[in-house]
$ cat coords_37.tsv   # TSV, C-alpha atoms
chain	number	residue	atom	x	y	z
A	1185	MET	CA	58.40	175.10	161.31
A	1186	ASP	CA	54.70	175.54	160.51
A	1187	LEU	CA	55.49	178.66	158.47
A	1188	PRO	CA	54.53	178.59	154.77
A	1189	TRP	CA	57.22	177.65	152.24
A	1190	ASP	CA	57.14	181.02	150.50
A	1191	SER	CA	59.10	184.25	150.84
A	1192	ASN	CA	56.98	185.34	153.81
A	1193	GLY	CA	57.81	182.11	155.59
A	1194	LEU	CA	61.53	182.53	155.06
A	1195	LEU	CA	61.53	186.20	156.11
A	1196	SER	CA	59.54	185.32	159.25
A	1197	LEU	CA	62.39	183.20	160.58
A	1198	GLY	CA	63.91	186.27	162.20
A	1199	GLY	CA	67.36	186.11	163.74
A	1200	SER	CA	69.40	183.26	165.15
A	1201	VAL	CA	67.94	180.07	166.60
A	1202	PRO	CA	67.53	180.36	170.40
A	1203	THR	CA	70.45	178.77	172.27
A	1204	ARG	CA	69.54	179.38	175.92
A	1205	ARG	CA	66.82	176.77	176.20
A	1206	THR	CA	66.60	173.07	175.51
A	1207	VAL	CA	65.20	172.17	172.08
A	1208	ILE	CA	63.72	168.67	172.06
A	1209	ALA	CA	64.64	166.43	169.13
A	1210	VAL	CA	61.77	165.00	167.09
A	1211	THR	CA	61.32	161.78	165.14
A	1212	GLY	CA	59.04	160.31	162.49
A	1213	ALA	CA	56.77	162.47	160.35
A	1214	ALA	CA	57.39	165.50	162.60
A	1215	LEU	CA	60.89	165.47	161.08
A	1216	THR	CA	60.69	163.73	157.73
A	1217	ALA	CA	57.54	165.50	156.44
A	1218	HIS	CA	59.54	168.73	156.13
A	1219	ALA	CA	62.06	166.99	153.89
A	1220	TRP	CA	59.44	165.97	151.34
A	1221	THR	CA	57.65	169.31	151.60
A	1222	ALA	CA	60.90	171.11	150.73
A	1223	LEU	CA	61.25	169.01	147.57
A	1224	HIS	CA	57.73	169.48	146.26
A	1225	GLN	CA	56.76	173.07	147.16
A	1226	PRO	CA	57.24	175.85	144.57
A	1227	ASN	CA	60.36	177.94	145.03
A	1228	PRO	CA	59.54	181.49	146.17
A	1229	ASP	CA	60.74	184.68	144.50
A	1230	LEU	CA	62.87	186.81	146.81
A	1231	ILE	CA	62.78	190.47	145.79
A	1232	ALA	CA	62.95	193.46	148.10
A	1233	ALA	CA	62.84	196.51	145.83
A	1234	ALA	CA	62.54	199.22	148.48
A	1235	GLY	CA	63.92	197.98	151.77
A	1236	ASP	CA	64.93	200.43	154.52
A	1237	GLY	CA	68.34	198.82	155.04
A	1238	GLY	CA	70.03	200.04	151.88
A	1239	PRO	CA	70.95	198.11	148.72
A	1240	VAL	CA	72.71	194.75	148.64
A	1241	THR	CA	75.65	195.39	146.33
A	1242	PRO	CA	77.93	192.87	144.59
A	1243	PRO	CA	80.88	193.69	146.93
A	1244	LEU	CA	78.64	193.03	149.95
A	1245	LEU	CA	77.55	189.69	148.50
A	1246	ASP	CA	81.19	188.75	147.87
A	1247	MET	CA	82.05	189.62	151.47
A	1248	ILE	CA	79.17	187.49	152.75
A	1249	ASP	CA	80.35	184.56	150.62
A	1250	THR	CA	83.83	184.95	152.15
A	1251	VAL	CA	82.40	184.94	155.68
A	1252	VAL	CA	80.37	181.82	154.89
A	1253	ALA	CA	83.46	180.02	153.54
A	1254	HIS	CA	85.54	181.00	156.58
A	1255	ALA	CA	82.81	179.75	158.93
A	1256	GLN	CA	82.82	176.39	157.17
A	1257	GLN	CA	86.61	176.20	157.35
A	1258	LEU	CA	86.54	176.96	161.08
A	1259	ASP	CA	84.02	174.17	161.56
A	1260	ASP	CA	86.07	171.68	159.54
A	1261	GLN	CA	89.31	172.55	161.30
A	1262	GLN	CA	88.27	173.14	164.91
A	1263	GLY	CA	84.74	171.90	165.45
A	1264	GLY	CA	82.16	173.86	167.39
A	1265	ALA	CA	84.40	176.49	169.01
A	1266	ALA	CA	82.98	179.24	166.75
A	1267	ARG	CA	79.28	178.51	167.22
A	1268	GLY	CA	78.47	182.00	168.51
A	1269	PHE	CA	80.21	183.63	165.56
A	1270	VAL	CA	78.26	181.55	163.03
A	1271	SER	CA	74.97	182.30	164.78
A	1272	ASP	CA	75.73	186.03	164.69
A	1273	GLN	CA	76.51	185.90	160.96
A	1274	PHE	CA	73.24	184.04	160.35
A	1275	ALA	CA	71.35	186.81	162.16
A	1276	ALA	CA	73.14	189.47	160.09
A	1277	VAL	CA	72.24	187.83	156.76
A	1278	ALA	CA	68.66	187.23	157.90
A	1279	ARG	CA	68.41	190.94	158.73
A	1280	LEU	CA	69.56	191.85	155.22
A	1281	LEU	CA	66.91	189.59	153.71
A	1282	ARG	CA	64.22	191.30	155.77
A	1283	ARG	CA	65.30	194.91	155.51
A	1284	ALA	CA	67.62	195.51	152.55
A	1285	SER	CA	66.77	196.10	148.90
A	1286	TYR	CA	67.89	193.54	146.33
A	1287	ASN	CA	66.91	191.92	143.07
A	1288	ALA	CA	65.97	188.25	142.53
A	1289	GLU	CA	69.54	187.08	141.88
A	1290	ALA	CA	70.88	188.82	144.99
A	1291	GLY	CA	67.98	187.42	147.00
A	1292	ARG	CA	68.91	183.88	145.98
A	1293	ARG	CA	72.55	184.49	146.94
A	1294	LEU	CA	71.50	185.81	150.34
A	1295	ALA	CA	69.23	182.80	150.88
A	1296	ALA	CA	72.04	180.43	149.87
A	1297	ALA	CA	74.40	182.13	152.33
A	1298	LEU	CA	71.73	181.88	155.04
A	1299	ALA	CA	71.29	178.18	154.28
A	1300	GLN	CA	75.02	177.47	154.49
A	1301	LEU	CA	75.40	179.34	157.78
A	1302	ALA	CA	72.43	177.46	159.25
A	1303	GLN	CA	73.84	174.16	157.98
A	1304	THR	CA	77.20	174.94	159.61
A	1305	ALA	CA	75.50	175.94	162.86
A	1306	GLY	CA	73.44	172.75	162.69
A	1307	PHE	CA	76.48	170.54	162.36
A	1308	MET	CA	78.18	172.41	165.21
A	1309	ALA	CA	75.12	171.78	167.40
A	1310	PHE	CA	75.06	168.12	166.36
A	1311	ASP	CA	78.77	167.88	167.18
A	1312	ALA	CA	77.98	169.30	170.62
A	1313	ASN	CA	75.37	166.55	171.22
A	1314	GLU	CA	72.52	169.10	171.07
A	1315	ASP	CA	70.32	167.10	168.74
A	1316	GLY	CA	67.13	169.15	169.01
A	1317	LEU	CA	68.98	172.39	168.32
A	1318	ALA	CA	70.79	170.75	165.39
A	1319	GLN	CA	67.48	169.64	163.88
A	1320	ARG	CA	66.07	173.13	164.17
A	1321	TRP	CA	69.11	174.64	162.44
A	1322	TYR	CA	68.97	172.00	159.70
A	1323	LEU	CA	65.28	172.62	159.05
A	1324	THR	CA	65.98	176.36	158.89
A	1325	ALA	CA	68.82	175.67	156.45
A	1326	LEU	CA	66.52	173.50	154.35
A	1327	ARG	CA	63.95	176.30	154.09
A	1328	ALA	CA	66.65	178.77	153.02
A	1329	ALA	CA	68.15	176.36	150.45
A	1330	HIS	CA	64.65	175.88	149.02
A	1331	ALA	CA	64.26	179.65	148.67
A	1332	ALA	CA	67.72	179.84	147.06
A	1333	ARG	CA	66.65	177.27	144.43
A	1334	ASP	CA	69.73	175.22	145.29
A	1335	PRO	CA	68.85	171.50	145.20
A	1336	GLY	CA	72.46	170.45	145.78
A	1337	LEU	CA	72.68	172.41	149.01
A	1338	ALA	CA	69.27	171.08	150.06
A	1339	ALA	CA	70.54	167.54	149.36
A	1340	SER	CA	73.59	168.13	151.55
A	1341	ILE	CA	71.39	169.35	154.41
A	1342	LEU	CA	69.01	166.40	154.07
A	1343	ALA	CA	71.95	163.97	154.05
A	1344	LEU	CA	73.28	165.51	157.27
A	1345	MET	CA	69.82	165.16	158.80
A	1346	SER	CA	69.87	161.50	157.74
A	1347	ASN	CA	73.28	161.03	159.37
A	1348	GLN	CA	72.00	162.57	162.59
A	1349	ALA	CA	69.03	160.21	162.61
A	1350	ALA	CA	71.37	157.27	161.98
A	1351	ASP	CA	73.62	158.33	164.85
A	1352	ARG	CA	70.57	158.46	167.10
A	1353	GLY	CA	69.59	154.93	166.04
A	1354	HIS	CA	66.43	155.97	164.15
A	1355	ALA	CA	66.91	153.86	161.04
A	1356	LEU	CA	63.51	154.58	159.43
A	1357	ASP	CA	63.99	158.34	159.73
A	1358	ALA	CA	67.53	158.01	158.40
A	1359	LEU	CA	66.35	156.04	155.36
A	1360	GLN	CA	63.53	158.50	154.60
A	1361	LEU	CA	65.85	161.49	154.81
A	1362	ALA	CA	68.51	159.75	152.72
A	1363	SER	CA	65.93	159.03	150.03
A	1364	ALA	CA	64.86	162.69	150.01
A	1365	ALA	CA	68.52	163.76	149.81
A	1366	GLN	CA	69.14	161.53	146.79
A	1367	GLU	CA	66.02	162.85	145.04
A	1368	SER	CA	67.12	166.43	145.65
A	1369	ALA	CA	70.63	165.66	144.36
A	1370	ALA	CA	69.46	163.95	141.17
A	1371	LYS	CA	70.56	166.73	138.81
A	1372	THR	CA	73.55	168.07	140.75
A	1373	PRO	CA	77.25	167.62	139.84
A	1374	PRO	CA	78.53	164.03	140.23
A	1375	ALA	CA	80.73	164.89	143.22
A	1376	VAL	CA	77.72	166.23	145.14
A	1377	ARG	CA	75.75	163.08	144.34
A	1378	SER	CA	78.76	161.04	145.47
A	1379	LEU	CA	78.81	162.84	148.83
A	1380	VAL	CA	75.07	162.31	149.27
A	1381	ALA	CA	75.45	158.62	148.41
A	1382	ALA	CA	78.27	158.19	150.94
A	1383	ARG	CA	76.25	159.86	153.67
A	1384	SER	CA	73.18	157.80	152.71
A	1385	SER	CA	75.15	154.60	153.25
A	1386	LEU	CA	75.10	155.29	157.00
A	1387	ALA	CA	71.31	154.91	157.00
A	1388	HIS	CA	71.66	151.45	155.44
A	1389	ALA	CA	74.36	150.60	157.97
A	1390	VAL	CA	72.22	151.37	161.00
A	1391	ALA	CA	69.38	149.42	159.34
A	1392	GLY	CA	71.72	146.41	158.94
A	1393	ASP	CA	71.09	146.29	155.18
A	1394	LEU	CA	74.27	144.84	153.63
A	1395	THR	CA	72.98	144.80	150.05
A	1396	SER	CA	71.86	148.42	149.99
A	1397	PHE	CA	74.99	149.57	151.83
A	1398	PHE	CA	77.34	148.07	149.25
A	1399	HIS	CA	75.16	149.17	146.34
A	1400	THR	CA	75.39	152.73	147.67
A	1401	ARG	CA	79.16	152.34	148.03
A	1402	GLU	CA	79.40	151.35	144.36
A	1403	ASN	CA	77.37	154.43	143.41
A	1404	THR	CA	79.63	156.62	145.54
A	1405	LEU	CA	82.76	155.48	143.72
A	1406	ALA	CA	81.17	155.55	140.26
A	1407	LEU	CA	79.95	159.11	140.77
A	1408	LEU	CA	83.28	160.25	142.19
A	1409	ASP	CA	84.99	159.01	139.01
A	1410	THR	CA	82.43	160.64	136.70
A	1411	ALA	CA	83.60	163.70	134.77
A	1412	PRO	CA	81.84	166.84	136.06
A	1413	ASP	CA	79.05	168.24	133.92
A	1414	ALA	CA	78.79	171.49	135.92
A	1415	PRO	CA	81.06	173.47	138.27
A	1416	LEU	CA	81.29	172.16	141.82
A	1417	PRO	CA	79.75	174.61	144.32
A	1418	PRO	CA	82.31	176.17	146.70
A	1419	TRP	CA	80.74	174.57	149.78
A	1420	ALA	CA	81.48	171.13	148.28
A	1421	SER	CA	85.17	171.76	147.59
A	1422	TYR	CA	86.25	169.43	150.42
A	1423	ILE	CA	84.80	166.33	148.73
A	1424	ASP	CA	87.53	163.82	147.97
A	1425	ARG	CA	88.13	160.08	148.06
A	1426	ILE	CA	89.72	160.16	151.53
A	1427	GLU	CA	86.70	161.81	153.16
A	1428	LEU	CA	84.15	159.63	151.36
A	1429	ASP	CA	86.14	156.50	152.25
A	1430	ALA	CA	86.14	157.59	155.89
A	1431	ILE	CA	82.36	158.06	155.92
A	1432	THR	CA	81.92	154.58	154.42
A	1433	GLY	CA	84.45	153.14	156.88
A	1434	ARG	CA	82.45	154.50	159.80
A	1435	GLY	CA	79.36	152.85	158.33
A	1436	LEU	CA	81.20	149.54	158.08
A	1437	VAL	CA	81.94	149.59	161.82
A	1438	VAL	CA	78.24	150.16	162.50
A	1439	LEU	CA	77.31	147.45	160.00
A	1440	ALA	CA	79.69	145.00	161.71
A	1441	GLU	CA	77.70	145.51	164.91
A	1442	GLN	CA	74.41	144.90	163.08
A	1443	VAL	CA	75.55	141.82	161.10
A	1444	PRO	CA	77.82	139.77	163.42
A	1445	VAL	CA	78.22	136.91	160.93
A	1446	GLN	CA	80.08	139.27	158.57
A	1447	ARG	CA	81.95	141.07	161.34
A	1448	PRO	CA	85.60	140.11	160.57
A	1449	ALA	CA	85.36	140.96	156.86
A	1450	LEU	CA	83.48	144.20	157.51
A	1451	LEU	CA	86.02	145.33	160.10
A	1452	ARG	CA	88.92	144.65	157.75
A	1453	GLN	CA	87.29	146.84	155.12
A	1454	ALA	CA	86.55	149.52	157.72
A	1455	GLU	CA	90.19	149.61	158.83
A	1456	ARG	CA	91.35	150.08	155.26
A	1457	LEU	CA	88.91	152.89	154.48
A	1458	LEU	CA	89.34	154.79	157.74
A	1459	ARG	CA	93.14	154.73	157.82
A	1460	ALA	CA	93.97	157.68	155.56
A	1461	ARG	CA	91.65	160.18	157.27
A	1462	ALA	CA	92.53	158.93	160.76
A	1463	HIS	CA	96.23	159.49	160.00
A	1464	THR	CA	95.82	163.03	158.65
A	1465	SER	CA	98.83	165.14	159.63
A	1466	LEU	CA	98.38	167.20	162.79
A	1467	THR	CA	99.06	170.31	160.71
A	1468	ASP	CA	96.55	169.57	157.93
A	1469	SER	CA	92.78	169.90	157.60
A	1470	PRO	CA	90.25	168.66	158.52
A	1471	GLN	CA	91.29	167.95	162.12
A	1472	ARG	CA	87.82	167.24	163.52
A	1473	SER	CA	87.11	164.63	160.85
A	1474	ALA	CA	90.52	163.10	161.55
A	1475	LEU	CA	89.74	162.99	165.27
A	1476	ARG	CA	86.31	161.43	164.86
A	1477	HIS	CA	87.31	158.90	162.25
A	1478	GLY	CA	90.45	158.11	164.24
A	1479	ALA	CA	88.20	157.16	167.14
A	1480	TRP	CA	86.14	154.97	164.80
A	1481	LEU	CA	89.33	153.33	163.49
A	1482	SER	CA	90.46	152.59	167.04
A	1483	LEU	CA	87.06	151.02	167.74
A	1484	ALA	CA	87.45	148.90	164.60
A	1485	HIS	CA	90.96	147.76	165.60
A	1486	ASN	CA	89.74	146.83	169.05
A	1487	ALA	CA	86.70	144.95	167.71
A	1488	ALA	CA	89.06	143.06	165.38
A	1489	GLY	CA	91.24	142.07	168.34
A	1490	ASP	CA	94.29	144.24	167.51
A	1491	LEU	CA	94.96	145.99	170.81
A	1492	ASP	CA	98.28	147.52	169.79
A	1493	LEU	CA	96.77	149.31	166.80
A	1494	ALA	CA	93.71	150.29	168.83
A	1495	VAL	CA	95.93	151.96	171.44
A	1496	SER	CA	98.24	153.73	168.98
A	1497	THR	CA	95.29	155.03	166.96
A	1498	ALA	CA	93.55	156.25	170.10
A	1499	ARG	CA	96.70	158.14	171.09
A	1500	LEU	CA	96.80	159.83	167.70
A	1501	ALA	CA	93.16	160.87	168.05
A	1502	LEU	CA	93.75	162.21	171.57
A	1503	GLY	CA	96.60	164.34	170.25
A	1504	ARG	CA	94.12	166.35	168.16
A	1505	LEU	CA	91.93	167.46	171.07
A	1506	PRO	CA	93.86	170.64	171.97
A	1507	ALA	CA	93.00	172.06	168.54
A	1508	VAL	CA	89.45	170.67	168.16
A	1509	SER	CA	86.21	171.33	170.04
A	1510	SER	CA	84.08	168.21	169.52
A	1511	VAL	CA	81.82	166.96	172.31
A	1512	ARG	CA	80.57	164.11	170.14
A	1513	SER	CA	84.10	162.91	169.42
A	1514	VAL	CA	84.93	163.00	173.14
A	1515	ALA	CA	81.84	160.87	173.78
A	1516	LEU	CA	83.09	158.45	171.14
A	1517	LEU	CA	86.45	158.27	172.93
A	1518	HIS	CA	84.61	157.42	176.16
A	1519	ARG	CA	82.88	154.61	174.32
A	1520	LEU	CA	86.33	153.45	173.24
A	1521	HIS	CA	87.43	153.53	176.90
A	1522	ASP	CA	84.56	151.25	177.86
A	1523	GLU	CA	85.26	148.82	175.02
A	1524	LEU	CA	89.00	148.67	175.78
A	1525	ALA	CA	88.53	148.25	179.53
A	1526	PRO	CA	88.15	144.43	179.53
A	1527	ALA	CA	91.68	144.12	178.08
A	1528	ALA	CA	93.28	146.23	180.83
A	1529	PRO	CA	94.32	143.33	183.13
A	1530	ARG	CA	96.51	141.79	180.42
A	1531	SER	CA	97.90	144.91	178.72
A	1532	PRO	CA	99.97	147.74	180.29
A	1533	ALA	CA	99.49	149.79	177.11
A	1534	VAL	CA	95.72	149.52	177.44
A	1535	ARG	CA	95.88	150.53	181.11
A	1536	ASP	CA	97.92	153.57	180.12
A	1537	ILE	CA	95.53	154.75	177.41
A	1538	LEU	CA	92.55	154.14	179.71
A	1539	ARG	CA	94.06	156.57	182.23
A	1540	ALA	CA	94.31	159.22	179.51
A	1541	LEU	CA	90.76	158.57	178.34
A	1542	ARG	CA	89.38	158.81	181.89
A	1543	GLU	CA	90.72	162.36	182.13
A	1544	LEU	CA	88.37	163.52	179.36
A	1545	PRO	CA	85.15	165.27	180.45
A	1546	ARG	CA	82.10	163.05	180.51
A	1547	THR	CA	79.45	163.73	177.89
A	1548	SER	CA	76.26	162.06	176.73
A	1549	PRO	CA	76.87	158.68	175.06
A	1550	VAL	CA	76.78	158.35	171.29
A	1551	ARG	CA	76.27	155.37	169.06
$ encode --input "coords_37.tsv" --output "structure tokens"
Amino acid sequence: MDLPWDSNGLLSLGGSVPTRRTVIAVTGAALTAHAWTALHQPNPDLIAAAGDGGPVTPPLLDMIDTVVAHAQQLDDQQGGAARGFVSDQFAAVARLLRRASYNAEAGRRLAAALAQLAQTAGFMAFDANEDGLAQRWYLTALRAAHAARDPGLAASILALMSNQAADRGHALDALQLASAAQESAAKTPPAVRSLVAARSSLAHAVAGDLTSFFHTRENTLALLDTAPDAPLPPWASYIDRIELDAITGRGLVVLAEQVPVQRPALLRQAERLLRARAHTSLTDSPQRSALRHGAWLSLAHNAAGDLDLAVSTARLALGRLPAVSSVRSVALLHRLHDELAPAAPRSPAVRDILRALRELPRTSPVR
């Protein structure tokens, strides 16, 4: 990550991020300094006029875009089951950038594809509770998005980095990264800014900042209702009210833990916002989001004292596991087990769901 933010730095990244050793997660300036550097460094020109790997043609670029889209769909639908495939595609695109011949426009498209593949791999690593590896993928994605001159994609990556920091309980890092994401998104389509605002709200939630959280929620809704002034990038096609409500609902559960005096009201709002995503049909997408937010909804029901709804929602979430690979969601279900356990002596339904939850493999705890 000490490479220069120019074309030489990007091309020096080589192939895929190593996966056979532990990558330690970092905090503070070791992480956040890269976010601000990405925003304020000049964008490099990517031109390889005489590479030894042949020309990058429009049909090849179209095929790469299709592969990138399919990788994102696999991630949304199934979770991290396709991590190896995404890593291999990243290595293939990186090889083209180093060896093929292309003009400036094709170079930017290759860099954008590289950034999206790294972002997908980063979220898969995050979902597998491999935080250091996820950070390394995200920082690689950020460098590629910078080279692609794509501030919206950079904003999405920064917002995911902020969410990871929030999940790890590092509120100051989360707030710094959220601020960088919003700055990067300033001139992007309203829907992209709405997504970044929704993700940024999680930083305010872990910081226990009610005022900023609800201000960000207002911005999320206002931007979502704003008429687009530019086409929405393909990677952002999944943005809709249900998904943004679910992100905010998750933040409300966290906020209820941070601000106990407001707990009942916050949990009621969380239940309302999480419900639609948590009850996504078992045949629709995105299943991993439905699983994770279903677990959060069950936690909200339990915290609000509604055991019946907590149990039924947990059962719905469990029913998605055969089709989804999500270590982080399984860890969340184990947290749910621990929070439901005190009610077991007085509820046969709780005892039954606890038996099902105990059969899940143990993973590292998550917030």
$ closest_residue --input "coords_37.tsv" --among "A:Ala1276, A:Ala1332, A:Arg1320, A:Phe1307" --to "A:Pro1228" --atoms "all atoms listed in the file"
A:Ala1332
$ atom_distance --input "coords_37.tsv" --atom1 "atom CA of A:Ala1369" --atom2 "atom CA of A:Gln1319"
20.2 Å
$ atom_distance --input "coords_37.tsv" --atom1 "atom CA of A:Ala1297" --atom2 "atom CA of A:Ser1421"
15.7 Å
$ residues_around --input "coords_37.tsv" --residues "A:Leu1408" --least-positions-apart "2" --cutoff "12 Å" --atoms "all atoms listed in the file" --output "ChimeraX atom specification"
/A:1373-1382,1401-1406,1410-1412,1423-1429
$ atom_distance --input "coords_37.tsv" --atom1 "atom CA of A:Pro1444" --atom2 "atom CA of A:Gly1392"
10.1 Å
$ closest_residue --input "coords_37.tsv" --among "A:His1218, A:Lys1371, A:Arg1333, A:Arg1535" --to "A:Ala1299" --atoms "only C-alpha atoms"
A:Arg1333
$ closest_residue --input "coords_37.tsv" --among "A:Gly1503, A:Pro1532, A:Gly1489, A:Pro1239" --to "A:Leu1280" --atoms "only C-alpha atoms"
A:Pro1239
$ residues_around --input "coords_37.tsv" --residues "A:Ala1462" --least-positions-apart "6" --cutoff "9 Å" --atoms "all atoms listed in the file" --output "VMD selection string"
chain A and resid 1430 1473 to 1481 1497 1500 to 1501
$ closest_residue --input "coords_37.tsv" --among "A:Leu1505, A:Leu1436, A:Val1251, A:Leu1301" --to "A:Gln1453" --atoms "all atoms listed in the file"
A:Leu1436
$ closest_residue --input "coords_37.tsv" --among "A:Ser1469, A:Ala1484, A:Asp1536, A:Ile1208" --to "A:Arg1504" --atoms "all atoms listed in the file"
A:Ser1469
$ residues_around --input "coords_37.tsv" --residues "A:Trp1321" --least-positions-apart "4" --cutoff "9 Å" --atoms "all atoms listed in the file" --output "PyMOL selection string"
chain A and resi 1201+1302-1307+1309+1316-1317+1325-1326
$ closest_atom_pairs --input "coords_37.tsv" --of "stretch 1295-1360 of chain A" --to "stretch 1509-1519 of chain A" --cutoff "12 Å" --atoms "all atoms listed in the file" --output "JSON lines"
{"residue": "A:Phe1307", "atom": "CA", "partner": "A:Ser1510", "partner_atom": "CA", "distance": 10.7}
{"residue": "A:Met1308", "atom": "CA", "partner": "A:Ser1510", "partner_atom": "CA", "distance": 8.4}
{"residue": "A:Ala1309", "atom": "CA", "partner": "A:Val1511", "partner_atom": "CA", "distance": 9.6}
{"residue": "A:Phe1310", "atom": "CA", "partner": "A:Arg1512", "partner_atom": "CA", "distance": 7.8}
{"residue": "A:Asp1311", "atom": "CA", "partner": "A:Arg1512", "partner_atom": "CA", "distance": 5.1}
{"residue": "A:Ala1312", "atom": "CA", "partner": "A:Val1511", "partner_atom": "CA", "distance": 4.8}
{"residue": "A:Asn1313", "atom": "CA", "partner": "A:Arg1512", "partner_atom": "CA", "distance": 5.8}
{"residue": "A:Glu1314", "atom": "CA", "partner": "A:Arg1512", "partner_atom": "CA", "distance": 9.5}
{"residue": "A:Asp1315", "atom": "CA", "partner": "A:Arg1512", "partner_atom": "CA", "distance": 10.8}
{"residue": "A:Gln1348", "atom": "CA", "partner": "A:Arg1512", "partner_atom": "CA", "distance": 11.5}
{"residue": "A:Asp1351", "atom": "CA", "partner": "A:Arg1512", "partner_atom": "CA", "distance": 10.5}
{"residue": "A:Arg1352", "atom": "CA", "partner": "A:Arg1512", "partner_atom": "CA", "distance": 11.9}
$ closest_residue --input "coords_37.tsv" --among "A:Leu1298, A:Ala1389, A:Val1207, A:Ala1540" --to "A:Ala1329" --atoms "all atoms listed in the file"
A:Leu1298
$ residues_around --input "coords_37.tsv" --residues "A:Gln1360" --least-positions-apart "2" --cutoff "10 Å" --atoms "only C-alpha atoms" --output "PyMOL selection string"
chain A and resi 1212-1213+1215-1217+1219-1220+1342+1346+1349+1355-1358+1362-1365+1384+1387
$ decode --input "coords_37.tsv" --residues "stretch 1238-1250 of chain A" --atoms "N, CA, C and O atoms" --output "mmCIF file, in the first residue's frame"
data_model
loop_
_atom_site.group_PDB
_atom_site.id
_atom_site.type_symbol
_atom_site.label_atom_id
_atom_site.label_comp_id
_atom_site.auth_asym_id
_atom_site.auth_seq_id
_atom_site.Cartn_x
_atom_site.Cartn_y
_atom_site.Cartn_z
ATOM 1 N N GLY A 1238 -1.304 -8.513 -26.787
ATOM 2 C CA GLY A 1238 -2.343 -8.307 -27.779
ATOM 3 C C GLY A 1238 -3.231 -7.138 -27.419
ATOM 4 O O GLY A 1238 -3.181 -6.603 -26.303
ATOM 5 N N PRO A 1239 -4.086 -6.711 -28.352
ATOM 6 C CA PRO A 1239 -4.944 -5.538 -28.116
ATOM 7 C C PRO A 1239 -6.167 -5.879 -27.263
ATOM 8 O O PRO A 1239 -6.684 -6.992 -27.300
ATOM 9 N N VAL A 1240 -6.621 -4.890 -26.513
ATOM 10 C CA VAL A 1240 -7.885 -5.004 -25.770
ATOM 11 C C VAL A 1240 -8.982 -4.436 -26.664
ATOM 12 O O VAL A 1240 -9.058 -3.226 -26.890
ATOM 13 N N THR A 1241 -9.828 -5.303 -27.174
ATOM 14 C CA THR A 1241 -10.854 -4.910 -28.138
ATOM 15 C C THR A 1241 -12.174 -4.635 -27.436
ATOM 16 O O THR A 1241 -12.397 -5.085 -26.303
ATOM 17 N N PRO A 1242 -13.083 -3.910 -28.093
ATOM 18 C CA PRO A 1242 -14.405 -3.675 -27.488
ATOM 19 C C PRO A 1242 -15.137 -4.960 -27.102
ATOM 20 O O PRO A 1242 -15.739 -5.007 -26.013
ATOM 21 N N PRO A 1243 -15.142 -6.025 -27.925
ATOM 22 C CA PRO A 1243 -15.808 -7.258 -27.483
ATOM 23 C C PRO A 1243 -15.191 -7.846 -26.213
ATOM 24 O O PRO A 1243 -15.905 -8.387 -25.361
ATOM 25 N N LEU A 1244 -13.870 -7.739 -26.066
ATOM 26 C CA LEU A 1244 -13.223 -8.242 -24.850
ATOM 27 C C LEU A 1244 -13.656 -7.419 -23.645
ATOM 28 O O LEU A 1244 -13.959 -7.975 -22.572
ATOM 29 N N LEU A 1245 -13.721 -6.104 -23.801
ATOM 30 C CA LEU A 1245 -14.168 -5.258 -22.699
ATOM 31 C C LEU A 1245 -15.606 -5.580 -22.311
ATOM 32 O O LEU A 1245 -15.945 -5.617 -21.117
ATOM 33 N N ASP A 1246 -16.464 -5.823 -23.298
ATOM 34 C CA ASP A 1246 -17.854 -6.179 -23.006
ATOM 35 C C ASP A 1246 -17.921 -7.496 -22.241
ATOM 36 O O ASP A 1246 -18.733 -7.652 -21.317
ATOM 37 N N MET A 1247 -17.085 -8.465 -22.627
ATOM 38 C CA MET A 1247 -17.073 -9.742 -21.927
ATOM 39 C C MET A 1247 -16.616 -9.568 -20.485
ATOM 40 O O MET A 1247 -17.179 -10.164 -19.552
ATOM 41 N N ILE A 1248 -15.605 -8.725 -20.280
ATOM 42 C CA ILE A 1248 -15.120 -8.467 -18.917
ATOM 43 C C ILE A 1248 -16.221 -7.828 -18.081
ATOM 44 O O ILE A 1248 -16.429 -8.199 -16.913
ATOM 45 N N ASP A 1249 -16.945 -6.864 -18.664
ATOM 46 C CA ASP A 1249 -18.045 -6.231 -17.928
ATOM 47 C C ASP A 1249 -19.104 -7.262 -17.534
ATOM 48 O O ASP A 1249 -19.686 -7.193 -16.436
ATOM 49 N N THR A 1250 -19.368 -8.225 -18.418
ATOM 50 C CA THR A 1250 -20.340 -9.279 -18.111
ATOM 51 C C THR A 1250 -19.854 -10.156 -16.964
ATOM 52 O O THR A 1250 -20.621 -10.500 -16.047
#
